[in-house]
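*Asks:* Following this line is run16.txt, made up of compact mmCIF, C-alpha atoms:
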# COMPACT_ATOMS: atom_id res chain seq x y z
CA MET Q 28 8.47 9.82 -40.87
CA ALA Q 29 8.82 8.17 -37.47
CA THR Q 30 9.65 11.52 -35.86
CA LEU Q 31 6.68 13.20 -37.56
CA SER Q 32 4.40 10.40 -36.40
CA LEU Q 33 5.67 10.79 -32.84
CA LEU Q 34 5.08 14.55 -32.91
CA LEU Q 35 1.55 14.03 -34.17
CA ARG Q 36 0.82 11.32 -31.64
CA ASN Q 37 2.11 13.12 -28.52
CA PRO Q 38 -0.21 16.17 -28.73
CA PHE Q 39 -3.17 13.86 -29.27
CA LYS Q 40 -2.14 11.74 -26.31
CA GLN Q 41 -1.73 14.83 -24.14
CA ARG Q 42 -5.17 16.13 -25.11
CA MET Q 43 -6.74 12.73 -24.41
CA GLN Q 44 -4.98 12.55 -21.03
CA ALA Q 45 -6.19 16.06 -20.12
CA TRP Q 46 -9.74 15.15 -21.18
CA ILE Q 47 -9.73 11.97 -19.11
CA GLU Q 48 -8.32 13.74 -16.03
CA LYS Q 49 -10.95 16.48 -16.35
CA ARG Q 50 -13.76 13.93 -16.38
CA ASN Q 51 -12.16 11.85 -13.62
CA PRO Q 52 -10.66 14.26 -11.07
CA LEU Q 53 -8.61 13.17 -8.08
CA THR Q 54 -10.71 12.37 -5.04
CA GLY Q 55 -9.99 11.60 -1.42
CA GLY Q 56 -13.34 9.93 -0.79
CA ALA Q 57 -15.62 7.45 -2.53
CA VAL Q 58 -16.28 7.48 -6.28
CA THR Q 59 -19.75 6.75 -7.63
CA LEU Q 60 -19.82 5.27 -11.14
CA THR Q 61 -22.31 7.43 -13.03
CA ASN Q 62 -23.02 7.45 -16.76
CA ARG Q 63 -20.49 10.25 -17.14
CA ARG Q 64 -17.71 8.07 -15.73
CA LEU Q 65 -18.46 4.86 -17.65
CA TYR Q 66 -17.41 3.83 -21.15
CA ILE Q 67 -18.36 0.74 -23.15
CA LEU Q 68 -17.16 -0.83 -26.39
CA PRO Q 69 -17.51 -4.26 -28.01
CA THR Q 70 -14.84 -6.82 -27.25
CA ARG Q 71 -13.05 -8.72 -30.01
CA PHE Q 72 -15.67 -11.42 -29.69
CA GLY Q 73 -18.34 -8.70 -29.83
CA TYR Q 74 -17.06 -7.46 -33.19
CA ILE Q 75 -17.06 -11.02 -34.52
CA TYR Q 76 -20.60 -11.39 -33.22
CA ALA Q 77 -21.68 -8.20 -35.04
CA LEU Q 78 -20.05 -9.42 -38.26
CA MET Q 79 -21.88 -12.73 -37.93
CA LEU Q 80 -25.20 -10.91 -37.52
CA PHE Q 81 -24.49 -8.84 -40.64
CA ILE Q 82 -23.72 -11.95 -42.70
CA LEU Q 83 -26.85 -13.65 -41.32
CA LEU Q 84 -28.96 -10.63 -42.28
CA LEU Q 85 -27.54 -10.65 -45.82
CA ALA Q 86 -28.36 -14.34 -46.11
CA ALA Q 87 -31.92 -13.73 -44.86
CA ILE Q 88 -32.43 -10.93 -47.40
CA ASN Q 89 -30.94 -12.94 -50.25
CA TYR Q 90 -32.98 -16.08 -49.61
CA GLN Q 91 -36.04 -14.36 -48.15
CA ASN Q 92 -36.01 -16.88 -45.32
CA SER Q 93 -38.28 -15.96 -42.40
CA MET Q 94 -36.42 -18.26 -40.00
CA ALA Q 95 -33.16 -16.50 -40.86
CA TYR Q 96 -34.85 -13.14 -40.20
CA ALA Q 97 -36.16 -14.40 -36.85
CA MET Q 98 -32.73 -15.73 -35.87
CA THR Q 99 -31.05 -12.44 -36.86
CA PHE Q 100 -33.48 -10.30 -34.88
CA LEU Q 101 -33.33 -12.65 -31.87
CA LEU Q 102 -29.54 -12.54 -31.76
CA THR Q 103 -29.56 -8.77 -32.25
CA ALA Q 104 -31.92 -8.40 -29.29
CA LEU Q 105 -29.60 -10.60 -27.26
CA GLY Q 106 -26.69 -8.29 -28.12
CA MET Q 107 -28.66 -5.18 -27.16
CA ILE Q 108 -29.71 -6.70 -23.83
CA SER Q 109 -26.09 -7.70 -23.22
CA LEU Q 110 -25.00 -4.11 -23.88
CA TRP Q 111 -27.43 -2.82 -21.26
CA GLN Q 112 -26.60 -5.54 -18.72
CA THR Q 113 -22.83 -5.04 -19.02
CA HIS Q 114 -23.14 -1.30 -18.52
CA ASN Q 115 -25.61 -1.75 -15.66
CA ASN Q 116 -23.24 -4.15 -13.89
CA LEU Q 117 -21.02 -1.17 -12.99
CA LEU Q 118 -23.52 1.68 -12.91
CA GLY Q 119 -24.09 3.05 -9.40
CA LEU Q 120 -21.24 1.22 -7.69
CA GLN Q 121 -19.41 3.25 -5.03
CA ILE Q 122 -15.69 2.61 -4.71
CA SER Q 123 -13.27 3.86 -2.08
CA LEU Q 124 -9.62 3.13 -1.36
CA ASN Q 125 -8.25 2.65 2.15
CA SER Q 126 -5.00 4.45 2.96
CA PRO Q 127 -2.20 1.98 2.08
CA GLU Q 128 0.03 0.80 4.91
CA PRO Q 129 3.73 1.68 4.46
CA THR Q 130 5.96 -1.17 3.41
CA PHE Q 131 9.62 -1.91 2.78
CA ALA Q 132 11.12 -1.95 -0.70
CA GLY Q 133 11.06 -5.47 -2.07
CA ASP Q 134 7.91 -6.41 -0.16
CA HIS Q 135 4.37 -6.36 -1.50
CA LEU Q 136 2.11 -3.35 -1.12
CA THR Q 137 -1.60 -4.02 -0.57
CA LEU Q 138 -4.29 -1.73 -1.95
CA ALA Q 139 -7.70 -2.45 -0.40
CA TYR Q 140 -10.68 -1.24 -2.43
CA GLN Q 141 -14.14 -1.14 -0.87
CA LEU Q 142 -17.04 -1.61 -3.33
CA SER Q 143 -20.51 -0.69 -2.11
CA ASN Q 144 -23.57 -1.83 -4.06
CA PRO Q 145 -26.69 0.26 -3.25
CA ALA Q 146 -28.90 -1.71 -5.67
CA LYS Q 147 -30.64 -5.01 -4.93
CA ALA Q 148 -29.11 -6.79 -7.91
CA THR Q 149 -25.81 -8.62 -7.40
CA ARG Q 150 -22.84 -7.34 -9.40
CA TYR Q 151 -20.81 -10.19 -10.88
CA ALA Q 152 -17.23 -10.38 -12.20
CA VAL Q 153 -16.23 -6.81 -11.38
CA GLY Q 154 -12.51 -6.36 -12.04
CA ILE Q 155 -9.98 -3.74 -10.95
CA GLN Q 156 -6.60 -3.43 -12.65
CA TYR Q 157 -3.61 -1.32 -11.57
CA GLU Q 158 -1.70 -0.30 -14.69
CA GLU Q 159 -0.46 -3.47 -16.43
CA GLN Q 160 -0.64 -5.67 -13.34
CA PRO Q 161 -2.91 -8.75 -13.28
CA PRO Q 162 -6.45 -7.67 -12.36
CA GLY Q 163 -8.46 -8.82 -9.37
CA TYR Q 164 -12.14 -9.78 -9.47
CA VAL Q 165 -14.93 -9.53 -6.91
CA ARG Q 166 -18.65 -10.19 -6.64
CA VAL Q 167 -20.71 -7.61 -4.77
CA ASP Q 168 -24.04 -8.78 -3.43
CA GLY Q 169 -27.09 -6.55 -3.50
CA GLU Q 170 -27.16 -3.82 -0.84
CA ALA Q 171 -23.82 -5.05 0.47
CA THR Q 172 -20.14 -4.14 0.43
CA GLY Q 173 -17.30 -6.16 -1.04
CA GLU Q 174 -13.55 -5.78 -0.74
CA LEU Q 175 -10.92 -6.31 -3.40
CA ARG Q 176 -7.22 -6.41 -2.47
CA LEU Q 177 -4.49 -5.89 -5.02
CA LYS Q 178 -0.93 -6.91 -4.12
CA LEU Q 179 1.73 -4.88 -5.91
CA ALA Q 180 5.46 -5.49 -5.87
CA THR Q 181 7.61 -2.57 -4.72
CA HIS Q 182 11.07 -1.85 -6.06
CA GLN Q 183 12.23 1.58 -4.88
CA ARG Q 184 11.88 3.65 -1.72
CA GLY Q 185 10.05 6.95 -1.70
CA LEU Q 186 6.75 8.75 -1.30
CA TYR Q 187 4.34 8.20 -4.19
CA LYS Q 188 0.77 8.81 -5.26
CA THR Q 189 -1.50 6.00 -6.37
CA ALA Q 190 -1.89 5.82 -10.13
CA ALA Q 191 -5.26 5.64 -11.87
CA VAL Q 192 -6.85 2.19 -11.85
CA THR Q 193 -9.37 0.71 -14.26
CA ILE Q 194 -12.59 -0.85 -13.02
CA PHE Q 195 -14.22 -3.02 -15.66
CA THR Q 196 -16.59 -5.87 -16.42
CA ARG Q 197 -17.56 -8.09 -19.36
CA TYR Q 198 -20.45 -9.74 -17.61
CA PRO Q 199 -22.73 -11.44 -18.67
CA THR Q 200 -21.84 -12.51 -22.23
CA GLY Q 201 -18.37 -11.12 -22.89
CA LEU Q 202 -19.62 -9.24 -25.97
CA PHE Q 203 -18.95 -5.81 -24.42
CA HIS Q 204 -16.26 -4.31 -22.23
CA ALA Q 205 -17.46 -1.59 -19.84
CA TRP Q 206 -14.92 0.34 -17.83
CA GLY Q 207 -14.21 3.45 -15.82
CA LEU Q 208 -11.14 5.20 -14.40
CA LEU Q 209 -10.58 5.71 -10.68
CA ARG Q 210 -8.11 8.35 -9.49
CA PHE Q 211 -7.69 8.34 -5.71
CA ASP Q 212 -5.56 10.88 -3.87
CA ARG Q 213 -3.65 8.45 -1.64
CA ASP Q 214 -0.02 8.47 -0.54
CA ILE Q 215 2.13 5.36 -0.82
CA LEU Q 216 5.20 5.29 1.44
CA VAL Q 217 7.91 2.75 0.66
CA TYR Q 218 10.72 2.45 3.20
CA PRO Q 219 14.28 1.49 2.15
CA LYS Q 220 14.97 -2.23 2.17
CA PRO Q 221 16.70 -3.02 5.50
CA ASP Q 222 20.15 -4.53 5.22
CA PHE Q 223 20.30 -6.80 8.26
CA ASP Q 224 23.44 -8.52 6.94
CA ALA Q 225 25.46 -5.30 6.89
CA ARG Q 226 28.75 -5.28 8.72
CA LEU Q 227 28.80 -2.39 11.18
CA GLU Q 228 31.79 -0.43 12.37
CA PRO Q 229 33.29 -2.01 15.56
CA SER Q 230 32.55 0.99 17.82
CA LEU Q 231 29.01 1.29 16.55
CA ASN Q 232 28.44 -2.46 16.85
CA GLU Q 233 29.59 -2.36 20.48
CA ALA Q 234 27.24 0.52 21.25
CA PHE Q 235 24.36 -1.26 19.57
CA ASP Q 236 24.80 -4.66 21.23
CA GLY Q 237 26.13 -3.61 24.62
CA GLN Q 238 24.21 -3.43 27.91
CA ALA Q 239 24.59 -1.35 31.03
CA THR Q 240 23.87 -2.43 34.60
CA ILE Q 241 21.80 -0.40 37.04
CA ASP Q 242 20.88 -0.84 40.69
CA THR Q 243 17.18 -1.00 41.39
CA THR Q 244 14.77 -2.39 43.95
CA ASP Q 245 13.23 -4.53 41.20
CA GLY Q 246 15.49 -6.84 39.24
CA ASP Q 247 16.76 -10.33 38.71
CA ASP Q 248 20.09 -10.51 40.58
CA PHE Q 249 20.52 -9.66 44.30
CA ALA Q 250 23.08 -6.85 44.64
CA GLY Q 251 23.19 -6.20 48.42
CA LEU Q 252 21.74 -4.01 51.13
CA ARG Q 253 21.67 -0.27 51.63
CA GLY Q 254 20.12 2.14 54.06
CA HIS Q 255 16.38 2.56 53.95
CA ARG Q 256 15.09 5.80 52.41
CA MET Q 257 11.93 7.56 53.38
CA GLY Q 258 9.04 6.79 51.03
CA GLU Q 259 10.32 3.39 49.88
CA SER Q 260 7.99 0.41 50.05
CA LEU Q 261 8.22 -1.66 53.21
CA ARG Q 262 8.17 -4.88 51.20
CA HIS Q 263 11.78 -4.21 50.09
CA ILE Q 264 13.07 -4.01 53.67
CA SER Q 265 15.32 -6.83 54.86
CA TRP Q 266 13.47 -7.91 57.99
CA LYS Q 267 16.11 -10.51 58.69
CA ALA Q 268 18.76 -7.79 59.02
CA TYR Q 269 16.35 -5.73 61.13
CA ALA Q 270 15.86 -8.68 63.50
CA GLN Q 271 19.63 -8.95 63.81
CA GLY Q 272 19.72 -5.34 65.03
CA ARG Q 273 21.32 -3.93 61.90
CA GLY Q 274 18.61 -1.33 61.42
CA MET Q 275 16.27 -0.62 58.48
CA LEU Q 276 18.01 -1.86 55.34
CA THR Q 277 16.60 -2.11 51.82
CA LYS Q 278 17.34 -5.01 49.50
CA THR Q 279 18.70 -3.96 46.08
CA PHE Q 280 18.94 -5.94 42.87
CA GLN Q 281 20.93 -5.57 39.69
CA GLY Q 282 19.09 -5.09 36.42
CA HIS Q 283 20.19 -4.62 32.83
CA ALA Q 284 19.36 -1.64 30.66
CA SER Q 285 20.08 -1.25 26.99
CA PRO Q 286 21.99 1.95 26.16
CA SER Q 287 20.51 4.51 23.83
CA LEU Q 288 21.66 4.48 20.23
CA ASN Q 289 22.60 7.29 17.87
CA ILE Q 290 22.17 6.13 14.28
CA ARG Q 291 24.36 8.43 12.22
CA TRP Q 292 24.83 8.66 8.46
CA GLN Q 293 28.61 9.10 8.76
CA ASP Q 294 28.96 5.89 10.79
CA MET Q 295 27.54 3.65 8.09
CA SER Q 296 30.05 1.47 6.23
CA ALA Q 297 28.20 1.17 2.89
CA PRO Q 298 29.85 3.07 0.00
CA SER Q 299 26.61 4.19 -1.69
CA PRO Q 300 23.86 6.47 -0.31
CA GLU Q 301 21.21 3.80 -0.85
CA GLY Q 302 23.36 1.29 0.99
CA LYS Q 303 23.72 3.65 3.94
CA LEU Q 304 19.95 4.15 4.02
CA SER Q 305 19.43 0.38 4.03
CA GLN Q 306 21.86 -0.03 6.95
CA MET Q 307 20.20 2.77 8.92
CA THR Q 308 16.77 1.25 8.24
CA ALA Q 309 17.94 -2.08 9.63
CA MET Q 310 19.28 -0.39 12.76
CA VAL Q 311 16.03 1.53 13.30
CA VAL Q 312 14.04 -1.69 13.01
CA GLN Q 313 16.33 -3.55 15.43
CA ALA Q 314 16.35 -0.71 17.94
CA HIS Q 315 12.55 -0.49 17.84
CA GLN Q 316 12.14 -4.24 18.26
CA SER Q 317 14.52 -4.28 21.25
CA GLY Q 318 12.61 -1.42 22.89
CA ARG Q 319 15.58 0.93 23.24
CA LYS Q 320 15.67 4.67 22.64
CA TYR Q 321 17.49 5.94 19.58
CA ALA Q 322 18.28 9.13 17.72
CA MET Q 323 18.99 9.45 14.01
CA THR Q 324 21.18 11.84 12.05
CA LEU Q 325 21.03 12.37 8.30
CA PRO Q 326 22.73 15.14 6.33
CA SER Q 327 20.83 18.31 7.34
CA ILE Q 328 18.33 16.24 9.39
CA ASP Q 329 18.57 15.54 13.13
CA ILE Q 330 15.95 13.48 14.95
CA GLU Q 331 16.12 13.60 18.74
CA LEU Q 332 16.36 10.63 21.07
CA ALA Q 333 13.01 8.90 21.59
CA ASP Q 334 11.19 5.60 21.21
CA GLY Q 335 7.72 4.27 20.44
CA PRO Q 336 5.66 3.66 17.28
CA ALA Q 337 5.39 7.35 16.32
CA HIS Q 338 9.16 7.83 16.54
CA TYR Q 339 9.70 4.60 14.59
CA ALA Q 340 7.36 5.71 11.77
CA HIS Q 341 8.93 9.19 11.68
CA CYS Q 342 12.48 7.85 11.34
CA LEU Q 343 11.55 5.36 8.62
CA GLY Q 344 9.56 8.04 6.80
CA GLN Q 345 12.58 10.37 6.73
CA LEU Q 346 14.74 7.55 5.39
CA ALA Q 347 12.14 6.84 2.69
CA ILE Q 348 11.95 10.39 1.35
CA PHE Q 349 15.61 11.33 1.87
CA GLN Q 350 16.74 13.32 -1.19
CA GLN Q 351 13.84 11.98 -3.25
CA ALA Q 352 14.24 13.32 -6.78
CA GLU Q 353 10.56 13.80 -7.59
CA SER Q 354 7.68 14.59 -5.31
CA GLY Q 355 4.17 13.29 -5.88
CA ARG Q 356 5.00 10.96 -8.76
CA ALA Q 357 2.74 8.02 -9.46
CA PHE Q 358 3.63 4.62 -8.07
CA HIS Q 359 4.54 2.15 -10.81
CA ALA Q 360 4.44 -1.45 -9.63
CA SER Q 361 7.21 -3.79 -10.71
CA HIS Q 362 6.65 -7.27 -12.06
CA ASP Q 363 7.72 -10.25 -9.95
Just give me the structure as structure tokens.

*Replies:*
Amino acid sequence: MATLSLLLRNPFKQRMQAWIEKRNPLTGGAVTLTNRRLYILPTRFGYIYALMLFILLLAAINYQNSMAYAMTFLLTALGMISLWQTHNNLLGLQISLNSPEPTFAGDHLTLAYQLSNPAKATRYAVGIQYEEQPPGYVRVDGEATGELRLKLATHQRGLYKTAAVTIFTRYPTGLFHAWGLLRFDRDILVYPKPDFDARLEPSLNEAFDGQATIDTTDGDDFAGLRGHRMGESLRHISWKAYAQGRGMLTKTFQGHASPSLNIRWQDMSAPSPEGKLSQMTAMVVQAHQSGRKYAMTLPSIDIELADGPAHYAHCLGQLAIFQQAESGRAFHASHD
């Protein structure tokens, strides 16, 4: 019986999901909540309220009490006005989602929703909920824009799509629950969690922490004098040596330069692939923070020596999607 029930339930669920997706297609821009996108049903308290009205009507009919009739009709009108107000609290709102900033696994991801209210009336207690996560609430003043930020816990690296979120309200009486589905076409990139405590191989550790010395006309430590070269600035000439008859000599200094780094998959000491990715992520972060150039090598992927924010994002992005099993799957937030 359980198997039969499951077979009957799954086709219905699939048809409902297809119907919902058809009415709420993916969008890369703003979504306007029209009548077609909104749904409304009584809350649990609303059903109790309707049952109370029915009992009150039966009592008014049985006792032919005009005050009971007046109370029944008054409360019914209140319920009907509440139905209209709850629905109208969402109707016409325009919602957009900013592109989420990449984050590291284990950190919180922030989704920033912009809610624009073209009407003059203020929208109160508007909530947005991502799957089963705790919802956030915002008030949007008339002819103004409000922002609602949802913080979601991440648990696994990869490239994901944002899942559908529910926008809802029960304002003003809590008798009705109005809601709509929002499906934004946004990518979520979660980098591997960096393992800064990893123990590196001795040769790799030496290459990462070592420094090289270079001779330059600008530096911290005086290195000596050399012959003056055409085109060099006169401010670097040793006039004291020139006055002594030693000719045109240029002062040189000794500076320190960090060597470039080649972050290679085969040099990582972790036994598991995820551990290697975490170690490589930590090395990319450290190399970027120290301002040195670095290259990165993954199985079948070679990234040339470079530096800068674009190179940093590219390397971390390749580590995030490395051998990802599924492409374009929805992001499911973990519970703290």

*Asks:* Could you check which residues have any atom within 12 Å of (19.7, 15.2, 12.1), counting all atoms listed in the file with coordinates taken straight from the file, and then list them as a PyMOL selection string?

*Replies:* chain Q and resi 289-293+322-332+342+345-346+349

*Asks:* I need the residue nearest Q:Tyr198 from this list: Q:Pro300, Q:Gly154, Q:Gly119, Q:Gly274. Use only C-alpha atoms for the distance.

*Replies:*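 Ranked by minimum distance to Q:Tyr198, first place goes to Q:Gly154.
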
*Asks:* Would you list the contacts of Q:Leu110 as a list in words, taking every protein, DNA or RNA residue within 10 Å and counting all atoms listed in the file, but skipping same-chain residues closer than 6 positions in sequence?

*Replies:*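 Here the answer would be Ile67, Leu68, Pro69, Ala104, Arg197, Tyr198, Pro199, Thr200, Gly201, Leu202, Phe203, His204 and Ala205 of chain Q.
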
*Asks:* Keeping C-alpha atoms, export the residues of the selection given above as an mmCIF file, in the coordinates of the input.

*Replies:*
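Final output, saved to result21.cif:
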data_model
loop_
_atom_site.group_PDB
_atom_site.id
_atom_site.type_symbol
_atom_site.label_atom_id
_atom_site.label_comp_id
_atom_site.auth_asym_id
_atom_site.auth_seq_id
_atom_site.Cartn_x
_atom_site.Cartn_y
_atom_site.Cartn_z
ATOM 1 C CA ILE Q 67 -18.360 0.740 -23.150
ATOM 2 C CA LEU Q 68 -17.160 -0.830 -26.390
ATOM 3 C CA PRO Q 69 -17.510 -4.260 -28.010
ATOM 4 C CA ALA Q 104 -31.920 -8.400 -29.290
ATOM 5 C CA ARG Q 197 -17.560 -8.090 -19.360
ATOM 6 C CA TYR Q 198 -20.450 -9.740 -17.610
ATOM 7 C CA PRO Q 199 -22.730 -11.440 -18.670
ATOM 8 C CA THR Q 200 -21.840 -12.510 -22.230
ATOM 9 C CA GLY Q 201 -18.370 -11.120 -22.890
ATOM 10 C CA LEU Q 202 -19.620 -9.240 -25.970
ATOM 11 C CA PHE Q 203 -18.950 -5.810 -24.420
ATOM 12 C CA HIS Q 204 -16.260 -4.310 -22.230
ATOM 13 C CA ALA Q 205 -17.460 -1.590 -19.840
#

*Asks:* When you draw a straight line from atom CA of Q:Gln313 to atom CA of Q:Tyr339, how long is it in Å?

*Replies:* 10.5 Å

*Asks:* Using atom CA of Q:Gly318 and atom CA of Q:Pro127 as the two end points, give the distance in Å to one decimal.

*Replies:*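 Taking atom CA of Q:Gly318 and atom CA of Q:Pro127, their separation equals 25.8 Å.
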
*Asks:* Can I get stretch 88-106 of chain Q with N, CA and C atoms filled in, as a PDB file, keeping the file's coordinate frame?

*Replies:*
ATOM      1  N   ILE Q  88     -31.920 -11.775 -46.320  1.00  0.00           N
ATOM      2  CA  ILE Q  88     -32.430 -10.930 -47.400  1.00  0.00           C
ATOM      3  C   ILE Q  88     -32.313 -11.636 -48.741  1.00  0.00           C
ATOM      4  N   ASN Q  89     -31.173 -12.295 -48.946  1.00  0.00           N
ATOM      5  CA  ASN Q  89     -30.940 -12.940 -50.250  1.00  0.00           C
ATOM      6  C   ASN Q  89     -31.894 -14.096 -50.487  1.00  0.00           C
ATOM      7  N   TYR Q  90     -32.143 -14.892 -49.443  1.00  0.00           N
ATOM      8  CA  TYR Q  90     -32.980 -16.080 -49.610  1.00  0.00           C
ATOM      9  C   TYR Q  90     -34.418 -15.862 -49.151  1.00  0.00           C
ATOM     10  N   GLN Q  91     -34.693 -14.667 -48.632  1.00  0.00           N
ATOM     11  CA  GLN Q  91     -36.040 -14.360 -48.150  1.00  0.00           C
ATOM     12  C   GLN Q  91     -36.553 -15.462 -47.217  1.00  0.00           C
ATOM     13  N   ASN Q  92     -35.710 -15.798 -46.267  1.00  0.00           N
ATOM     14  CA  ASN Q  92     -36.010 -16.880 -45.320  1.00  0.00           C
ATOM     15  C   ASN Q  92     -36.482 -16.263 -44.010  1.00  0.00           C
ATOM     16  N   SER Q  93     -37.712 -16.538 -43.621  1.00  0.00           N
ATOM     17  CA  SER Q  93     -38.280 -15.960 -42.400  1.00  0.00           C
ATOM     18  C   SER Q  93     -37.579 -16.458 -41.156  1.00  0.00           C
ATOM     19  N   MET Q  94     -37.133 -17.727 -41.162  1.00  0.00           N
ATOM     20  CA  MET Q  94     -36.420 -18.260 -40.000  1.00  0.00           C
ATOM     21  C   MET Q  94     -35.072 -17.559 -39.821  1.00  0.00           C
ATOM     22  N   ALA Q  95     -34.441 -17.224 -40.935  1.00  0.00           N
ATOM     23  CA  ALA Q  95     -33.160 -16.500 -40.860  1.00  0.00           C
ATOM     24  C   ALA Q  95     -33.386 -15.097 -40.302  1.00  0.00           C
ATOM     25  N   TYR Q  96     -34.515 -14.465 -40.751  1.00  0.00           N
ATOM     26  CA  TYR Q  96     -34.850 -13.140 -40.200  1.00  0.00           C
ATOM     27  C   TYR Q  96     -35.085 -13.239 -38.691  1.00  0.00           C
ATOM     28  N   ALA Q  97     -35.839 -14.248 -38.277  1.00  0.00           N
ATOM     29  CA  ALA Q  97     -36.160 -14.400 -36.850  1.00  0.00           C
ATOM     30  C   ALA Q  97     -34.880 -14.630 -36.035  1.00  0.00           C
ATOM     31  N   MET Q  98     -33.992 -15.469 -36.588  1.00  0.00           N
ATOM     32  CA  MET Q  98     -32.730 -15.730 -35.870  1.00  0.00           C
ATOM     33  C   MET Q  98     -31.885 -14.469 -35.786  1.00  0.00           C
ATOM     34  N   THR Q  99     -31.832 -13.679 -36.852  1.00  0.00           N
ATOM     35  CA  THR Q  99     -31.050 -12.440 -36.860  1.00  0.00           C
ATOM     36  C   THR Q  99     -31.581 -11.454 -35.829  1.00  0.00           C
ATOM     37  N   PHE Q 100     -32.900 -11.246 -35.819  1.00  0.00           N
ATOM     38  CA  PHE Q 100     -33.480 -10.300 -34.880  1.00  0.00           C
ATOM     39  C   PHE Q 100     -33.354 -10.779 -33.429  1.00  0.00           C
ATOM     40  N   LEU Q 101     -33.458 -12.094 -33.223  1.00  0.00           N
ATOM     41  CA  LEU Q 101     -33.330 -12.650 -31.870  1.00  0.00           C
ATOM     42  C   LEU Q 101     -31.912 -12.432 -31.338  1.00  0.00           C
ATOM     43  N   LEU Q 102     -30.926 -12.719 -32.186  1.00  0.00           N
ATOM     44  CA  LEU Q 102     -29.540 -12.540 -31.760  1.00  0.00           C
ATOM     45  C   LEU Q 102     -29.178 -11.066 -31.589  1.00  0.00           C
ATOM     46  N   THR Q 103     -29.777 -10.209 -32.412  1.00  0.00           N
ATOM     47  CA  THR Q 103     -29.560  -8.770 -32.250  1.00  0.00           C
ATOM     48  C   THR Q 103     -30.133  -8.274 -30.928  1.00  0.00           C
ATOM     49  N   ALA Q 104     -31.323  -8.767 -30.573  1.00  0.00           N
ATOM     50  CA  ALA Q 104     -31.920  -8.400 -29.290  1.00  0.00           C
ATOM     51  C   ALA Q 104     -31.063  -8.881 -28.126  1.00  0.00           C
ATOM     52  N   LEU Q 105     -30.497 -10.083 -28.289  1.00  0.00           N
ATOM     53  CA  LEU Q 105     -29.600 -10.600 -27.260  1.00  0.00           C
ATOM     54  C   LEU Q 105     -28.391  -9.690 -27.079  1.00  0.00           C
ATOM     55  N   GLY Q 106     -27.835  -9.209 -28.188  1.00  0.00           N
ATOM     56  CA  GLY Q 106     -26.690  -8.290 -28.120  1.00  0.00           C
ATOM     57  C   GLY Q 106     -27.060  -6.985 -27.453  1.00  0.00           C
TER      58      GLY Q 106
END
